[in-house]
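Enquirer: Input structure: upload-v3.cif, which contains mmCIF, C-alpha atoms.
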data_run
loop_
_atom_site.group_PDB
_atom_site.id
_atom_site.type_symbol
_atom_site.label_atom_id
_atom_site.label_comp_id
_atom_site.auth_asym_id
_atom_site.auth_seq_id
_atom_site.Cartn_x
_atom_site.Cartn_y
_atom_site.Cartn_z
ATOM 1 C CA MET Q 1 87.291 98.655 97.838
ATOM 2 C CA PRO Q 2 89.519 95.565 97.685
ATOM 3 C CA ASP Q 3 89.865 93.291 100.678
ATOM 4 C CA LEU Q 4 93.257 94.428 101.931
ATOM 5 C CA THR Q 5 92.979 92.054 104.878
ATOM 6 C CA ALA Q 6 93.591 89.180 102.423
ATOM 7 C CA LEU Q 7 97.047 90.493 101.544
ATOM 8 C CA THR Q 8 100.031 88.792 103.114
ATOM 9 C CA ARG Q 9 102.638 91.424 102.186
ATOM 10 C CA VAL Q 10 102.870 94.739 100.316
ATOM 11 C CA LEU Q 11 105.801 96.371 98.532
ATOM 12 C CA VAL Q 12 105.569 100.147 98.259
ATOM 13 C CA ILE Q 13 107.837 101.414 95.486
ATOM 14 C CA SER Q 14 108.893 104.949 96.335
ATOM 15 C CA PRO Q 15 110.571 107.029 93.601
ATOM 16 C CA HIS Q 16 112.351 109.287 96.108
ATOM 17 C CA LEU Q 17 113.366 109.327 99.747
ATOM 18 C CA ASP Q 18 109.998 110.545 101.077
ATOM 19 C CA ASP Q 19 107.271 109.417 98.670
ATOM 20 C CA ALA Q 20 106.214 106.270 100.527
ATOM 21 C CA ALA Q 21 105.568 108.068 103.805
ATOM 22 C CA LEU Q 22 104.005 111.071 102.070
ATOM 23 C CA SER Q 23 101.602 109.165 99.875
ATOM 24 C CA ALA Q 24 101.186 105.545 101.037
ATOM 25 C CA TRP Q 25 101.284 106.038 104.782
ATOM 26 C CA SER Q 26 97.958 104.307 105.376
ATOM 27 C CA VAL Q 27 99.296 101.077 103.817
ATOM 28 C CA LEU Q 28 102.507 101.339 105.819
ATOM 29 C CA GLY Q 29 100.572 102.307 108.943
ATOM 30 C CA GLY Q 30 98.768 98.999 109.089
ATOM 31 C CA ARG Q 31 95.587 99.501 107.090
ATOM 32 C CA ALA Q 32 96.600 96.567 104.900
ATOM 33 C CA HIS Q 33 96.937 94.433 108.056
ATOM 34 C CA CYS Q 34 100.116 92.827 106.765
ATOM 35 C CA PRO Q 35 103.853 93.530 106.630
ATOM 36 C CA ALA Q 36 104.846 96.333 104.262
ATOM 37 C CA ASP Q 37 108.235 96.909 102.653
ATOM 38 C CA VAL Q 38 109.571 100.038 100.963
ATOM 39 C CA MET Q 39 111.934 100.132 98.008
ATOM 40 C CA THR Q 40 113.194 103.615 97.132
ATOM 41 C CA VAL Q 41 114.411 103.824 93.555
ATOM 42 C CA PHE Q 42 116.355 107.071 93.101
ATOM 43 C CA ALA Q 43 118.515 107.005 96.216
ATOM 44 C CA GLY Q 44 121.975 106.669 94.671
ATOM 45 C CA LEU Q 45 124.893 108.913 95.558
ATOM 46 C CA PRO Q 46 125.864 111.414 92.829
ATOM 47 C CA ALA Q 47 129.440 112.066 91.776
ATOM 48 C CA GLU Q 48 131.836 113.807 94.143
ATOM 49 C CA GLY Q 49 131.471 117.583 94.043
ATOM 50 C CA VAL Q 50 128.117 117.636 92.236
ATOM 51 C CA SER Q 51 125.745 120.231 93.665
ATOM 52 C CA THR Q 52 122.312 121.374 92.474
ATOM 53 C CA ASP Q 53 120.075 124.311 93.300
ATOM 54 C CA PRO Q 54 117.603 122.054 95.177
ATOM 55 C CA ASP Q 55 120.458 120.692 97.306
ATOM 56 C CA ARG Q 56 121.662 124.183 98.190
ATOM 57 C CA THR Q 57 118.099 125.350 98.873
ATOM 58 C CA CYS Q 58 117.806 122.553 101.434
ATOM 59 C CA GLY Q 59 121.091 123.575 103.075
ATOM 60 C CA PHE Q 60 123.486 121.024 101.552
ATOM 61 C CA SER Q 61 126.755 121.882 99.848
ATOM 62 C CA THR Q 62 126.894 118.738 97.694
ATOM 63 C CA GLY Q 63 124.555 116.084 96.369
ATOM 64 C CA ILE Q 64 126.360 113.385 98.345
ATOM 65 C CA GLU Q 65 125.722 115.291 101.558
ATOM 66 C CA ALA Q 66 122.062 115.719 100.605
ATOM 67 C CA ILE Q 67 121.408 112.059 99.760
ATOM 68 C CA GLN Q 68 123.235 110.806 102.834
ATOM 69 C CA ALA Q 69 121.132 113.087 105.036
ATOM 70 C CA ARG Q 70 117.924 112.062 103.265
ATOM 71 C CA ARG Q 71 118.753 108.391 103.734
ATOM 72 C CA ARG Q 72 119.067 108.998 107.466
ATOM 73 C CA GLU Q 73 115.779 110.907 107.448
ATOM 74 C CA ASP Q 74 114.138 108.088 105.529
ATOM 75 C CA GLU Q 75 115.282 105.489 108.047
ATOM 76 C CA GLU Q 76 113.870 107.590 110.869
ATOM 77 C CA ALA Q 77 110.579 108.286 109.085
ATOM 78 C CA LEU Q 78 109.918 104.642 108.213
ATOM 79 C CA ALA Q 79 111.012 103.192 111.552
ATOM 80 C CA GLY Q 80 108.146 101.094 112.852
ATOM 81 C CA LEU Q 81 106.314 101.313 109.516
ATOM 82 C CA ALA Q 82 108.360 99.399 106.951
ATOM 83 C CA THR Q 83 109.348 95.827 107.757
ATOM 84 C CA ARG Q 84 112.153 96.233 105.250
ATOM 85 C CA ASN Q 85 113.383 99.495 103.760
ATOM 86 C CA TRP Q 86 116.037 99.505 101.059
ATOM 87 C CA TRP Q 87 117.450 101.880 98.460
ATOM 88 C CA LEU Q 88 118.449 101.353 94.863
ATOM 89 C CA PRO Q 89 121.624 103.064 93.561
ATOM 90 C CA LEU Q 90 119.861 104.908 90.714
ATOM 91 C CA LEU Q 91 120.343 108.674 90.586
ATOM 92 C CA ASP Q 92 117.693 111.316 91.137
ATOM 93 C CA ARG Q 93 116.807 113.043 87.876
ATOM 94 C CA MET Q 94 118.543 116.265 88.940
ATOM 95 C CA TYR Q 95 121.875 114.397 88.996
ATOM 96 C CA VAL Q 96 121.412 112.857 85.541
ATOM 97 C CA PRO Q 97 122.851 114.871 82.600
ATOM 98 C CA GLY Q 98 119.904 115.864 80.450
ATOM 99 C CA GLY Q 99 117.542 114.118 82.836
ATOM 100 C CA ARG Q 100 117.333 111.112 80.516
ATOM 101 C CA ARG Q 101 116.354 107.689 81.780
ATOM 102 C CA THR Q 102 117.520 104.384 80.301
ATOM 103 C CA ALA Q 103 116.130 100.928 79.688
ATOM 104 C CA SER Q 104 118.739 99.512 82.077
ATOM 105 C CA GLU Q 105 117.332 101.625 84.911
ATOM 106 C CA SER Q 106 113.857 100.328 84.163
ATOM 107 C CA GLU Q 107 115.208 96.782 84.199
ATOM 108 C CA THR Q 108 116.870 97.372 87.572
ATOM 109 C CA ILE Q 109 113.521 98.386 89.064
ATOM 110 C CA VAL Q 110 111.738 95.352 87.636
ATOM 111 C CA ARG Q 111 114.412 92.899 88.722
ATOM 112 C CA GLU Q 112 114.255 94.188 92.287
ATOM 113 C CA ALA Q 113 110.476 93.771 92.269
ATOM 114 C CA GLU Q 114 110.870 90.237 90.875
ATOM 115 C CA GLY Q 115 113.345 89.452 93.651
ATOM 116 C CA TRP Q 116 110.870 90.647 96.261
ATOM 117 C CA LEU Q 117 108.162 88.421 94.747
ATOM 118 C CA ARG Q 118 110.491 85.409 94.833
ATOM 119 C CA ASP Q 119 111.389 86.095 98.453
ATOM 120 C CA HIS Q 120 107.780 86.298 99.624
ATOM 121 C CA GLY Q 121 105.875 84.157 97.172
ATOM 122 C CA SER Q 122 104.496 80.892 98.530
ATOM 123 C CA PRO Q 123 101.321 78.826 98.162
ATOM 124 C CA GLY Q 124 98.480 80.991 99.399
ATOM 125 C CA ALA Q 125 100.524 84.220 99.427
ATOM 126 C CA GLN Q 126 98.607 87.332 98.390
ATOM 127 C CA LEU Q 127 101.135 89.985 97.392
ATOM 128 C CA ALA Q 128 100.653 93.575 96.235
ATOM 129 C CA ILE Q 129 102.966 96.170 94.717
ATOM 130 C CA ALA Q 130 102.051 99.838 95.195
ATOM 131 C CA ILE Q 131 103.344 102.350 92.647
ATOM 132 C CA PRO Q 132 102.821 106.098 92.086
ATOM 133 C CA ALA Q 133 99.835 107.223 90.018
ATOM 134 C CA GLY Q 134 101.944 109.856 88.241
ATOM 135 C CA ALA Q 135 99.380 112.639 87.829
ATOM 136 C CA GLY Q 136 100.669 115.616 85.848
ATOM 137 C CA VAL Q 137 101.463 116.870 82.377
ATOM 138 C CA HIS Q 138 104.774 115.287 81.423
ATOM 139 C CA VAL Q 139 104.715 112.036 79.473
ATOM 140 C CA ALA Q 140 108.003 110.278 78.752
ATOM 141 C CA SER Q 141 108.279 109.081 75.202
ATOM 142 C CA ALA Q 142 110.050 105.858 74.316
ATOM 143 C CA SER Q 143 113.166 107.840 73.404
ATOM 144 C CA GLU Q 144 113.105 109.631 76.765
ATOM 145 C CA ARG Q 145 112.911 106.253 78.476
ATOM 146 C CA GLY Q 146 116.138 105.281 76.766
ATOM 147 C CA GLY Q 147 114.921 104.015 73.401
ATOM 148 C CA ASP Q 148 113.571 100.720 74.727
ATOM 149 C CA HIS Q 149 111.760 98.789 71.991
ATOM 150 C CA PRO Q 150 108.279 97.279 72.319
ATOM 151 C CA ARG Q 151 108.153 93.499 72.435
ATOM 152 C CA GLY Q 152 105.759 91.044 70.817
ATOM 153 C CA GLY Q 153 106.324 91.349 67.064
ATOM 154 C CA ARG Q 154 105.788 94.057 64.494
ATOM 155 C CA TYR Q 155 102.015 94.260 64.860
ATOM 156 C CA LEU Q 156 102.135 94.539 68.654
ATOM 157 C CA ALA Q 157 104.928 97.113 68.400
ATOM 158 C CA TRP Q 158 102.827 99.192 65.999
ATOM 159 C CA ALA Q 159 99.708 98.848 68.187
ATOM 160 C CA ARG Q 160 101.542 99.800 71.352
ATOM 161 C CA ALA Q 161 103.184 102.805 69.685
ATOM 162 C CA LEU Q 162 99.827 103.999 68.363
ATOM 163 C CA LYS Q 163 98.147 103.502 71.726
ATOM 164 C CA HIS Q 164 100.946 105.445 73.424
ATOM 165 C CA ARG Q 165 100.581 108.381 71.001
ATOM 166 C CA VAL Q 166 96.815 108.497 71.590
ATOM 167 C CA TYR Q 167 97.434 108.358 75.326
ATOM 168 C CA VAL Q 168 99.924 111.225 75.143
ATOM 169 C CA ARG Q 169 97.509 113.448 73.215
ATOM 170 C CA ARG Q 170 94.553 112.707 75.493
ATOM 171 C CA ARG Q 171 96.637 113.172 78.612
ATOM 172 C CA LYS Q 172 98.056 116.521 77.554
ATOM 173 C CA ALA Q 173 94.603 117.755 76.528
ATOM 174 C CA ALA Q 174 93.081 116.685 79.841
ATOM 175 C CA LEU Q 175 95.827 118.097 82.038
ATOM 176 C CA ALA Q 176 97.156 121.084 80.087
ATOM 177 C CA GLY Q 177 98.148 123.981 82.300
ATOM 178 C CA ARG Q 178 98.040 122.000 85.541
ATOM 179 C CA GLY Q 179 100.903 121.202 87.862
ATOM 180 C CA PRO Q 180 103.060 118.294 86.655
ATOM 181 C CA ALA Q 181 104.109 115.359 88.758
ATOM 182 C CA HIS Q 182 107.787 114.528 88.905
ATOM 183 C CA PRO Q 183 108.835 112.652 85.716
ATOM 184 C CA ASP Q 184 110.671 110.134 87.909
ATOM 185 C CA HIS Q 185 107.284 109.057 89.318
ATOM 186 C CA ILE Q 186 106.011 108.362 85.817
ATOM 187 C CA PHE Q 187 109.168 106.453 84.919
ATOM 188 C CA VAL Q 188 108.847 104.181 87.969
ATOM 189 C CA ARG Q 189 105.151 103.602 87.342
ATOM 190 C CA ASP Q 190 105.638 102.739 83.686
ATOM 191 C CA ALA Q 191 108.619 100.471 84.371
ATOM 192 C CA ILE Q 192 106.376 98.281 86.517
ATOM 193 C CA LEU Q 193 103.360 98.431 84.201
ATOM 194 C CA ASP Q 194 105.500 97.570 81.170
ATOM 195 C CA ALA Q 195 106.608 94.377 82.955
ATOM 196 C CA LEU Q 196 103.276 93.074 84.227
ATOM 197 C CA ASP Q 197 103.884 89.745 82.514
ATOM 198 C CA ARG Q 198 106.882 89.274 84.837
ATOM 199 C CA LEU Q 199 105.060 90.503 87.941
ATOM 200 C CA SER Q 200 101.738 88.763 87.416
ATOM 201 C CA SER Q 201 101.698 87.150 90.859
ATOM 202 C CA ALA Q 202 101.146 90.553 92.520
ATOM 203 C CA GLN Q 203 98.118 92.820 92.707
ATOM 204 C CA ILE Q 204 99.047 96.279 91.408
ATOM 205 C CA LEU Q 205 97.979 99.308 93.438
ATOM 206 C CA CYS Q 206 98.521 102.935 92.464
ATOM 207 C CA TYR Q 207 98.745 105.667 95.088
ATOM 208 C CA GLU Q 208 97.972 109.349 94.596
ATOM 209 C CA GLU Q 209 100.993 111.500 95.375
ATOM 210 C CA LEU Q 210 101.307 114.197 98.009
ATOM 211 C CA PRO Q 211 101.983 117.137 97.628
ATOM 212 C CA TYR Q 212 101.114 116.914 93.885
ATOM 213 C CA LEU Q 213 97.467 116.141 94.658
ATOM 214 C CA TRP Q 214 97.070 119.665 96.045
ATOM 215 C CA SER Q 215 97.484 120.995 92.503
ATOM 216 C CA GLN Q 216 96.264 118.051 90.434
ATOM 217 C CA ARG Q 217 94.170 115.063 91.516
ATOM 218 C CA ALA Q 218 94.875 111.760 89.785
ATOM 219 C CA GLU Q 219 91.381 110.604 88.786
ATOM 220 C CA SER Q 220 91.611 111.665 85.131
ATOM 221 C CA GLU Q 221 95.191 110.415 84.915
ATOM 222 C CA MET Q 222 94.204 106.952 86.140
ATOM 223 C CA ALA Q 223 91.260 106.785 83.742
ATOM 224 C CA LEU Q 224 93.493 107.683 80.792
ATOM 225 C CA LEU Q 225 96.235 105.339 81.942
ATOM 226 C CA ALA Q 226 93.861 102.405 82.345
ATOM 227 C CA ALA Q 227 92.234 103.038 78.966
ATOM 228 C CA SER Q 228 95.601 103.242 77.208
ATOM 229 C CA ARG Q 229 96.671 99.878 78.616
ATOM 230 C CA GLY Q 230 93.392 97.977 78.324
ATOM 231 C CA MET Q 231 92.994 97.854 82.095
ATOM 232 C CA THR Q 232 90.468 98.911 84.697
ATOM 233 C CA ALA Q 233 91.286 101.255 87.579
ATOM 234 C CA ASP Q 234 89.059 100.999 90.649
ATOM 235 C CA GLY Q 235 89.597 103.771 93.189
ATOM 236 C CA PHE Q 236 89.234 103.611 96.935
ATOM 237 C CA ASP Q 237 90.209 105.733 99.938
ATOM 238 C CA LEU Q 238 91.982 104.812 103.153
ATOM 239 C CA ALA Q 239 91.641 106.945 106.255
ATOM 240 C CA VAL Q 240 94.775 108.576 107.639
ATOM 241 C CA ASP Q 241 95.740 109.137 111.243
ATOM 242 C CA ARG Q 242 97.010 112.623 110.488
ATOM 243 C CA VAL Q 243 98.741 113.114 113.836
ATOM 244 C CA ASP Q 244 100.725 109.888 113.517
ATOM 245 C CA LYS Q 245 101.500 110.465 109.839
ATOM 246 C CA HIS Q 246 102.682 113.978 110.624
ATOM 247 C CA ARG Q 247 104.940 112.654 113.374
ATOM 248 C CA HIS Q 248 106.682 110.395 110.864
ATOM 249 C CA LEU Q 249 106.843 113.075 108.162
ATOM 250 C CA LEU Q 250 108.677 115.444 110.485
ATOM 251 C CA ALA Q 251 111.723 113.195 110.109
ATOM 252 C CA TYR Q 252 112.142 114.679 106.615
ATOM 253 C CA LYS Q 253 113.193 117.977 108.130
ATOM 254 C CA SER Q 254 115.443 118.964 105.215
ATOM 255 C CA GLN Q 255 112.684 118.543 102.639
ATOM 256 C CA LEU Q 256 109.234 119.502 103.903
ATOM 257 C CA THR Q 257 109.490 123.244 103.309
ATOM 258 C CA ALA Q 258 111.046 122.752 99.874
ATOM 259 C CA LEU Q 259 108.319 120.280 98.932
ATOM 260 C CA ASP Q 260 105.523 122.619 100.011
ATOM 261 C CA PRO Q 261 106.558 126.240 100.600
ATOM 262 C CA GLU Q 262 103.046 126.984 101.849
ATOM 263 C CA GLY Q 263 103.828 124.953 104.968
ATOM 264 C CA ARG Q 264 100.917 122.527 104.797
ATOM 265 C CA LEU Q 265 103.189 119.555 105.440
ATOM 266 C CA LEU Q 266 104.236 121.158 108.722
ATOM 267 C CA ASP Q 267 100.678 121.199 110.117
ATOM 268 C CA SER Q 268 98.936 117.891 110.812
ATOM 269 C CA THR Q 269 95.488 119.480 110.528
ATOM 270 C CA LEU Q 270 96.214 120.449 106.911
ATOM 271 C CA LEU Q 271 97.172 116.960 105.773
ATOM 272 C CA PRO Q 272 94.508 115.111 103.737
ATOM 273 C CA ALA Q 273 92.320 112.964 105.986
ATOM 274 C CA GLU Q 274 92.350 110.179 103.370
ATOM 275 C CA GLU Q 275 94.776 108.756 100.841
ATOM 276 C CA ARG Q 276 93.541 107.736 97.410
ATOM 277 C CA TYR Q 277 94.478 104.389 95.810
ATOM 278 C CA TRP Q 278 93.480 102.398 92.752
ATOM 279 C CA THR Q 279 93.628 98.722 91.938
ATOM 280 C CA LEU Q 280 94.772 98.091 88.371
ATOM 281 C CA SER Q 281 93.645 94.936 86.623
ATOM 282 C CA THR Q 282 93.442 93.716 83.064
ATOM 283 C CA SER Q 283 90.062 94.187 81.465
ATOM 284 C CA GLY Q 284 90.611 92.600 78.068
ATOM 285 C CA LEU Q 285 93.089 90.584 76.095
#
Show the structure stored in the file as structure tokens.

Expert:
Amino acid sequence: MPDLTALTRVLVISPHLDDAALSAWSVLGGRAHCPADVMTVFAGLPAEGVSTDPDRTCGFSTGIEAIQARRREDEEALAGLATRNWWLPLLDRMYVPGGRRTASESETIVREAEGWLRDHGSPGAQLAIAIPAGAGVHVASASERGGDHPRGGRYLAWARALKHRVYVRRRKAALAGRGPAHPDHIFVRDAILDALDRLSSAQILCYEELPYLWSQRAESEMALLAASRGMTADGFDLAVDRVDKHRHLLAYKSQLTALDPEGRLLDSTLLPAEERYWTLSTSGL
């Protein structure tokens, strides 16, 4: 387990307006012994009049109404946990025609992370960025991520493309038939990992996502991910104060039942007693 007490600040990157509290509560709750910030990526307001089945299931007539309510819930949930909590204007996948992501969205995520590093970097600073593990079946291809092109010359482009294809095959074989994580989680994770050269001053942590872990743990996903990128993934657990975590989660009153129809998020005794994390580090060239 890494020495989290050495960290001076942590940024938790949350794909949606709930993921940080659901999955990285122990970091936010003080186990890292340092200030923690939360950046939520897909918190933008959709177009006027847009409405989706998930919005209506949660009792909202439009997407704007849903996101505005979820922003208020997020502020309440993270009060006293996040030193800073801010939202990016990118749209949730359900509001994006075709669900396609673009290279510009990936760049927006990375630039915000770079800005956070500039704001808090100083001699002796020990910074960490926590991102979702992304366990599940779906793998976004380069075309799904908006056609972004590998950098580093023709040979590196060929090597990265080959490594990605091997990763896709191994991942699908290992996880076939199991519950997928949200593709937005994978997009956020890969945006950060694809820009490690720009974020090298931060330790990278991955957190296992709730409620996805109830259907698919992330151990095999992290092993495959690390192998595909020439990295090592070292797992560790942090204990959770389930009563306190549950108290904060209840702020997401419009979402908990939709996230887990079995009602486990509504009962503190059913929450996992530990959260699973990994440190990612380069293990080769």

Enquirer: At what distance in Å, to one decimal, does atom CA of Q:Glu112 lie from atom CA of Q:Val27?

Expert: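 Distance between the two atoms: 20.1 Å.
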
Enquirer: Have a look at atom CA of Q:Ala218 and atom CA of Q:Gly235 and let me know their distance in Å, one decimal.

Expert: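 Computing it gives 10.2 Å between the two atoms.
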
Enquirer: Enumerate, as a PyMOL selection string, the protein, DNA and RNA residues whose atoms approach (105.1, 117.7, 106.7) to within 10 Å, taking into account only C-alpha atoms and the coordinate frame of the file.

Expert: chain Q and resi 22+211+245-253+255-257+259-260+263-268+270-271

Enquirer: From the list Q:Arg189, Q:Arg242, Q:Arg198, Q:His16, which residue is nearest Q:Met222 when using all atoms listed in the file?

Expert: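 Of Q:Arg189, Q:Arg242, Q:Arg198, Q:His16, the one nearest Q:Met222 is Q:Arg189, counting all atoms listed in the file.
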
Enquirer: Could you pull the residues within 12 Å of Q:Trp86, counting only C-alpha atoms, minus those fewer than 6 positions along the same chain, as a PDB file with C-alpha atoms, in the coordinates of the input?

Expert:
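The resulting file, result_13.pdb, is shown below:
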ATOM      1  CA  LEU Q  11     105.801  96.371  98.532  1.00  0.00           C
ATOM      2  CA  VAL Q  12     105.569 100.147  98.259  1.00  0.00           C
ATOM      3  CA  ILE Q  13     107.837 101.414  95.486  1.00  0.00           C
ATOM      4  CA  SER Q  14     108.893 104.949  96.335  1.00  0.00           C
ATOM      5  CA  PRO Q  15     110.571 107.029  93.601  1.00  0.00           C
ATOM      6  CA  HIS Q  16     112.351 109.287  96.108  1.00  0.00           C
ATOM      7  CA  LEU Q  17     113.366 109.327  99.747  1.00  0.00           C
ATOM      8  CA  ALA Q  20     106.214 106.270 100.527  1.00  0.00           C
ATOM      9  CA  ASP Q  37     108.235  96.909 102.653  1.00  0.00           C
ATOM     10  CA  VAL Q  38     109.571 100.038 100.963  1.00  0.00           C
ATOM     11  CA  MET Q  39     111.934 100.132  98.008  1.00  0.00           C
ATOM     12  CA  THR Q  40     113.194 103.615  97.132  1.00  0.00           C
ATOM     13  CA  VAL Q  41     114.411 103.824  93.555  1.00  0.00           C
ATOM     14  CA  PHE Q  42     116.355 107.071  93.101  1.00  0.00           C
ATOM     15  CA  ALA Q  43     118.515 107.005  96.216  1.00  0.00           C
ATOM     16  CA  GLY Q  44     121.975 106.669  94.671  1.00  0.00           C
ATOM     17  CA  ARG Q  71     118.753 108.391 103.734  1.00  0.00           C
ATOM     18  CA  ARG Q  72     119.067 108.998 107.466  1.00  0.00           C
ATOM     19  CA  ASP Q  74     114.138 108.088 105.529  1.00  0.00           C
ATOM     20  CA  GLU Q  75     115.282 105.489 108.047  1.00  0.00           C
ATOM     21  CA  LEU Q  78     109.918 104.642 108.213  1.00  0.00           C
ATOM     22  CA  GLU Q 112     114.255  94.188  92.287  1.00  0.00           C
ATOM     23  CA  ALA Q 113     110.476  93.771  92.269  1.00  0.00           C
ATOM     24  CA  TRP Q 116     110.870  90.647  96.261  1.00  0.00           C
TER      25      TRP Q 116
END

Enquirer: Report the distance between atom CA of Q:Glu65 and atom CA of Q:Pro89 in Å, rounded to one decimal place.

Expert: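 Between these atoms lies a distance of 15.2 Å.
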